[in-house]
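J.: My structure is stored as model_2.cif, with mmCIF, C-alpha atoms.
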data_final
#
loop_
_atom_site.label_atom_id
_atom_site.label_comp_id
_atom_site.auth_asym_id
_atom_site.auth_seq_id
_atom_site.Cartn_x
_atom_site.Cartn_y
_atom_site.Cartn_z
CA MET A 2 76.94 76.75 102.95
CA THR A 3 77.07 77.04 99.15
CA MET A 4 79.52 79.92 99.49
CA ARG A 5 81.84 77.74 101.57
CA THR A 6 81.57 74.89 99.08
CA SER A 7 82.31 77.24 96.17
CA LEU A 8 85.38 78.68 97.91
CA LEU A 9 86.67 75.19 98.71
CA ALA A 10 86.19 74.10 95.09
CA LEU A 11 88.01 77.24 93.87
CA LEU A 12 90.87 76.64 96.30
CA LEU A 13 91.24 73.01 95.16
CA LEU A 14 91.20 74.10 91.53
CA LEU A 15 93.93 76.69 92.12
CA CYS A 16 96.10 74.18 93.98
CA SER A 17 95.85 71.65 91.13
CA VAL A 18 96.88 74.30 88.57
CA VAL A 19 99.98 75.26 90.61
CA THR A 20 100.94 71.60 91.02
CA ALA A 21 100.58 70.92 87.29
CA GLY A 22 102.67 73.96 86.43
CA SER A 23 105.51 72.96 88.71
CA MET A 24 105.52 69.40 87.37
CA GLY A 25 105.75 70.66 83.81
CA SER A 26 108.78 72.81 84.57
CA ALA A 27 110.78 69.85 85.90
CA VAL A 28 111.84 68.77 82.40
CA THR A 29 115.62 68.56 82.08
CA LYS A 30 117.76 68.27 78.98
CA ASN A 31 120.13 65.30 78.89
CA ASP A 32 123.14 66.25 76.79
CA PRO A 33 124.65 63.08 75.28
CA TRP A 34 128.14 64.69 75.40
CA ASP A 35 127.99 65.87 79.01
CA ARG A 36 131.15 66.96 80.84
CA HIS A 37 129.70 65.55 84.10
CA HIS A 38 130.29 62.04 82.79
CA ILE A 39 133.97 62.83 83.41
CA ASP A 40 133.70 65.17 86.41
CA ASP A 41 132.08 62.45 88.54
CA LEU A 42 134.95 59.95 88.04
CA PRO A 43 137.75 59.31 90.57
CA ALA A 44 140.66 61.80 90.50
CA GLU A 45 143.17 59.34 88.97
CA ILE A 46 140.91 58.70 85.99
CA ARG A 47 140.25 62.43 85.48
CA GLN A 48 144.02 63.03 85.54
CA TYR A 49 144.55 60.33 82.89
CA ILE A 50 141.92 61.92 80.66
CA ALA A 51 143.47 65.37 81.13
CA ALA A 52 146.85 63.94 80.10
CA ILE A 53 145.56 62.47 76.81
CA CYS A 54 143.37 65.45 75.86
CA ARG A 55 144.28 68.96 74.82
CA GLY A 56 141.40 71.13 75.87
CA PRO A 57 138.20 70.31 77.74
CA PRO A 58 136.92 66.76 77.24
CA SER A 59 133.32 65.59 77.05
CA ALA A 60 131.97 62.07 77.09
CA GLN A 61 128.87 60.04 76.41
CA ASN A 62 127.06 58.16 79.16
CA ASP A 63 128.64 54.81 78.18
CA PHE A 64 132.16 56.25 78.44
CA ALA A 65 132.91 54.81 81.88
CA THR A 66 131.48 51.71 83.50
CA TYR A 67 132.17 50.52 87.03
CA SER A 68 132.15 46.91 88.23
CA PRO A 69 131.76 46.93 92.04
CA HIS A 70 132.48 43.20 92.23
CA GLU A 71 135.89 43.68 90.54
CA LYS A 72 136.39 47.24 91.87
CA ARG A 73 137.25 48.21 88.32
CA TRP A 74 136.48 51.16 86.06
CA ARG A 75 136.52 50.48 82.32
CA ILE A 76 137.04 53.59 80.20
CA ASN A 77 135.82 53.27 76.59
CA LEU A 78 137.73 55.91 74.63
CA GLU A 79 135.37 55.58 71.66
CA TYR A 80 132.87 57.56 73.75
CA LEU A 81 135.33 60.35 74.62
CA ARG A 82 135.59 63.58 72.63
CA CYS A 83 138.49 66.02 72.98
CA ASP A 84 141.24 67.73 70.99
CA GLY A 85 144.51 65.86 70.66
CA LEU A 86 143.13 62.43 71.42
CA ALA A 87 145.52 59.92 69.91
CA GLU A 88 144.22 57.12 67.71
CA TYR A 89 141.80 55.00 69.70
CA ARG A 90 140.47 52.81 66.89
CA ARG A 91 142.01 49.97 64.86
CA GLY A 92 139.51 48.61 62.37
CA ASN A 93 136.55 47.39 64.38
CA GLN A 94 138.43 47.52 67.70
CA CYS A 95 138.59 50.45 70.10
CA LEU A 96 140.98 51.28 72.92
CA ASP A 97 139.73 50.51 76.42
CA VAL A 98 141.58 51.41 79.60
CA ASP A 99 140.93 49.64 82.91
CA PHE A 100 141.58 51.13 86.34
CA ILE A 101 141.43 48.98 89.46
CA ALA A 102 141.09 49.98 93.09
CA VAL A 103 144.22 49.94 95.22
CA GLY A 104 143.13 50.97 98.67
CA SER A 105 141.17 54.19 98.27
CA HIS A 106 142.80 55.06 94.92
CA PHE A 107 142.69 53.71 91.39
CA ARG A 108 145.62 52.75 89.17
CA ARG A 109 145.74 51.90 85.49
CA ALA A 110 145.73 48.13 85.15
CA ARG A 111 145.23 47.43 81.46
CA ARG A 112 145.17 49.30 78.17
CA ASP A 113 144.19 47.28 75.11
CA TYR A 114 142.04 47.14 72.01
CA ARG A 115 138.71 45.32 72.20
CA ASP A 116 135.66 45.12 69.97
CA CYS A 117 133.95 48.51 69.79
CA GLY A 118 130.72 48.87 71.73
CA PHE A 119 129.51 46.54 74.40
#
Would you put the structure from the file into structure tokens?

T.:
Amino acid sequence: MTMRTSLLALLLLLCSVVTAGSMGSAVTKNDPWDRHHIDDLPAEIRQYIAAICRGPPSAQNDFATYSPHEKRWRINLEYLRCDGLAEYRRGNQCLDVDFIAVGSHFRRARRDYRDCGF
């Protein structure tokens, strides 16, 4: 009986060590300038970004925001990094570009300067 109890305790101990090890390895690094912030956008927006950038772009998490109520993407160019990006800042205002849904696609609706940040 004590042998069975000892084996059960050992088995439970080994299982808890394996579980703790796998939980510790689940740490991921969140790059603030991640290319996936662009890759996950609709094709029309990715094409616009490719047209204004020379070379591969990267963006911060706040680069693109979507309003489902308005079916609108707002692109904040202050959070975009790429070669060849034209001037996107005038004093304390930054260039924002809005895309709205037209059927299953998006088209550029507005391009203007607004206060930087949110």

J.: Quick check on the file I pasted: which residues fall under the PyMOL selection byres ((chain A and resi 74) around 8)? Write them as a list in words.

T.: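 For this structure, the PyMOL selection byres ((chain A and resi 74) around 8) captures Ala65, Thr66, Tyr67, Ser68, Lys72, Arg73, Arg75, Ile76, Asp99, Phe100 and Ile101 of chain A.
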
J.: Pull out every residue that the PyMOL selection byres ((chain A and resi 106) around 10) matches in the shown coordinates and put them as a list in words.

T.: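 In the shown coordinates, the PyMOL selection byres ((chain A and resi 106) around 10) covers Pro43, Ala44, Glu45, Ile46, Phe100, Ile101, Ala102, Val103, Gly104, Ser105, Phe107 and Arg108 of chain A.
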
J.: Give me, as a PDB file with C-alpha atoms, in the frame of the given file, all polymer residues having an atom no more than 10 Å from His38 in chain A, counting all atoms listed in the file and skipping those fewer than 5 positions away in the same chain.

T.:
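In the end it all went to selection38.pdb:
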ATOM      1  CA  PRO A  33     124.650  63.080  75.280  1.00  0.00           C
ATOM      2  CA  PRO A  58     136.920  66.760  77.240  1.00  0.00           C
ATOM      3  CA  SER A  59     133.320  65.590  77.050  1.00  0.00           C
ATOM      4  CA  ALA A  60     131.970  62.070  77.090  1.00  0.00           C
ATOM      5  CA  GLN A  61     128.870  60.040  76.410  1.00  0.00           C
ATOM      6  CA  ASN A  62     127.060  58.160  79.160  1.00  0.00           C
ATOM      7  CA  ASP A  63     128.640  54.810  78.180  1.00  0.00           C
ATOM      8  CA  PHE A  64     132.160  56.250  78.440  1.00  0.00           C
ATOM      9  CA  ALA A  65     132.910  54.810  81.880  1.00  0.00           C
ATOM     10  CA  LEU A  81     135.330  60.350  74.620  1.00  0.00           C
TER      11      LEU A  81
END

J.: Which residue, A:Glu71, A:Asp35, A:Asp84, A:Asp97, has the smallest gap to Tyr114 in chain A when you use all atoms listed in the file?

T.: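 Nearest to Tyr114 in chain A: A:Asp97.
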
J.: What's the separation between CA of Asn93 in chain A and CA of Cys117 in chain A, in Å to one decimal place?

T.: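 So the two atoms, CA of Asn93 in chain A and CA of Cys117 in chain A, lie 6.1 Å apart.
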
J.: Just checking: using only C-alpha atoms, which residue out of A:Ile50, A:Gly118, A:Pro69, A:Pro57 ends up closest to Val98 in chain A?

T.: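 Looking at the shortest contact to Val98 in chain A, the residue is A:Ile50.
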
J.: Complete range 64-81 of chain A with N, CA, C and O atoms (output as a JSON list (two decimals), keeping the file's coordinate frame).

T.:
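The resulting file, out.json, is reproduced below:
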[["chain", "number", "residue", "atom", "x", "y", "z"],
["A", 64, "PHE", "N", 130.71, 56.05, 78.43],
["A", 64, "PHE", "CA", 132.16, 56.25, 78.44],
["A", 64, "PHE", "C", 132.84, 55.46, 79.55],
["A", 64, "PHE", "O", 133.88, 54.85, 79.34],
["A", 65, "ALA", "N", 132.29, 55.48, 80.74],
["A", 65, "ALA", "CA", 132.91, 54.81, 81.88],
["A", 65, "ALA", "C", 131.90, 53.88, 82.55],
["A", 65, "ALA", "O", 130.77, 54.29, 82.81],
["A", 66, "THR", "N", 132.33, 52.66, 82.79],
["A", 66, "THR", "CA", 131.48, 51.71, 83.50],
["A", 66, "THR", "C", 132.26, 51.18, 84.71],
["A", 66, "THR", "O", 133.46, 50.97, 84.64],
["A", 67, "TYR", "N", 131.54, 50.98, 85.80],
["A", 67, "TYR", "CA", 132.17, 50.52, 87.03],
["A", 67, "TYR", "C", 131.62, 49.15, 87.41],
["A", 67, "TYR", "O", 130.41, 48.92, 87.38],
["A", 68, "SER", "N", 132.52, 48.24, 87.74],
["A", 68, "SER", "CA", 132.15, 46.91, 88.23],
["A", 68, "SER", "C", 132.48, 46.86, 89.73],
["A", 68, "SER", "O", 133.65, 46.77, 90.10],
["A", 69, "PRO", "N", 131.47, 46.95, 90.60],
["A", 69, "PRO", "CA", 131.76, 46.93, 92.04],
["A", 69, "PRO", "C", 132.34, 45.59, 92.51],
["A", 69, "PRO", "O", 133.15, 45.57, 93.43],
["A", 70, "HIS", "N", 131.96, 44.51, 91.85],
["A", 70, "HIS", "CA", 132.48, 43.20, 92.23],
["A", 70, "HIS", "C", 134.00, 43.13, 92.00],
["A", 70, "HIS", "O", 134.75, 42.61, 92.83],
["A", 71, "GLU", "N", 134.46, 43.69, 90.87],
["A", 71, "GLU", "CA", 135.89, 43.68, 90.54],
["A", 71, "GLU", "C", 136.60, 44.95, 91.01],
["A", 71, "GLU", "O", 137.82, 45.03, 90.90],
["A", 72, "LYS", "N", 135.84, 45.92, 91.49],
["A", 72, "LYS", "CA", 136.39, 47.24, 91.87],
["A", 72, "LYS", "C", 137.22, 47.81, 90.72],
["A", 72, "LYS", "O", 138.36, 48.20, 90.88],
["A", 73, "ARG", "N", 136.57, 47.83, 89.55],
["A", 73, "ARG", "CA", 137.25, 48.21, 88.32],
["A", 73, "ARG", "C", 136.42, 49.19, 87.53],
["A", 73, "ARG", "O", 135.22, 49.01, 87.36],
["A", 74, "TRP", "N", 137.07, 50.23, 87.02],
["A", 74, "TRP", "CA", 136.48, 51.16, 86.06],
["A", 74, "TRP", "C", 137.00, 50.79, 84.68],
["A", 74, "TRP", "O", 138.20, 50.62, 84.49],
["A", 75, "ARG", "N", 136.11, 50.67, 83.71],
["A", 75, "ARG", "CA", 136.52, 50.48, 82.32],
["A", 75, "ARG", "C", 136.18, 51.77, 81.58],
["A", 75, "ARG", "O", 135.04, 52.23, 81.59],
["A", 76, "ILE", "N", 137.18, 52.36, 80.94],
["A", 76, "ILE", "CA", 137.04, 53.59, 80.20],
["A", 76, "ILE", "C", 137.05, 53.23, 78.71],
["A", 76, "ILE", "O", 138.02, 52.66, 78.22],
["A", 77, "ASN", "N", 135.96, 53.55, 78.02],
["A", 77, "ASN", "CA", 135.82, 53.27, 76.59],
["A", 77, "ASN", "C", 136.11, 54.55, 75.82],
["A", 77, "ASN", "O", 135.25, 55.43, 75.73],
["A", 78, "LEU", "N", 137.31, 54.66, 75.28],
["A", 78, "LEU", "CA", 137.73, 55.91, 74.63],
["A", 78, "LEU", "C", 136.93, 56.24, 73.38],
["A", 78, "LEU", "O", 136.95, 57.38, 72.92],
["A", 79, "GLU", "N", 136.20, 55.28, 72.83],
["A", 79, "GLU", "CA", 135.37, 55.58, 71.66],
["A", 79, "GLU", "C", 134.24, 56.54, 72.02],
["A", 79, "GLU", "O", 133.67, 57.19, 71.15],
["A", 80, "TYR", "N", 133.93, 56.66, 73.30],
["A", 80, "TYR", "CA", 132.87, 57.56, 73.75],
["A", 80, "TYR", "C", 133.42, 58.85, 74.36],
["A", 80, "TYR", "O", 132.70, 59.57, 75.03],
["A", 81, "LEU", "N", 134.69, 59.13, 74.13],
["A", 81, "LEU", "CA", 135.33, 60.35, 74.62],
["A", 81, "LEU", "C", 135.56, 61.29, 73.44],
["A", 81, "LEU", "O", 135.95, 60.86, 72.36]]
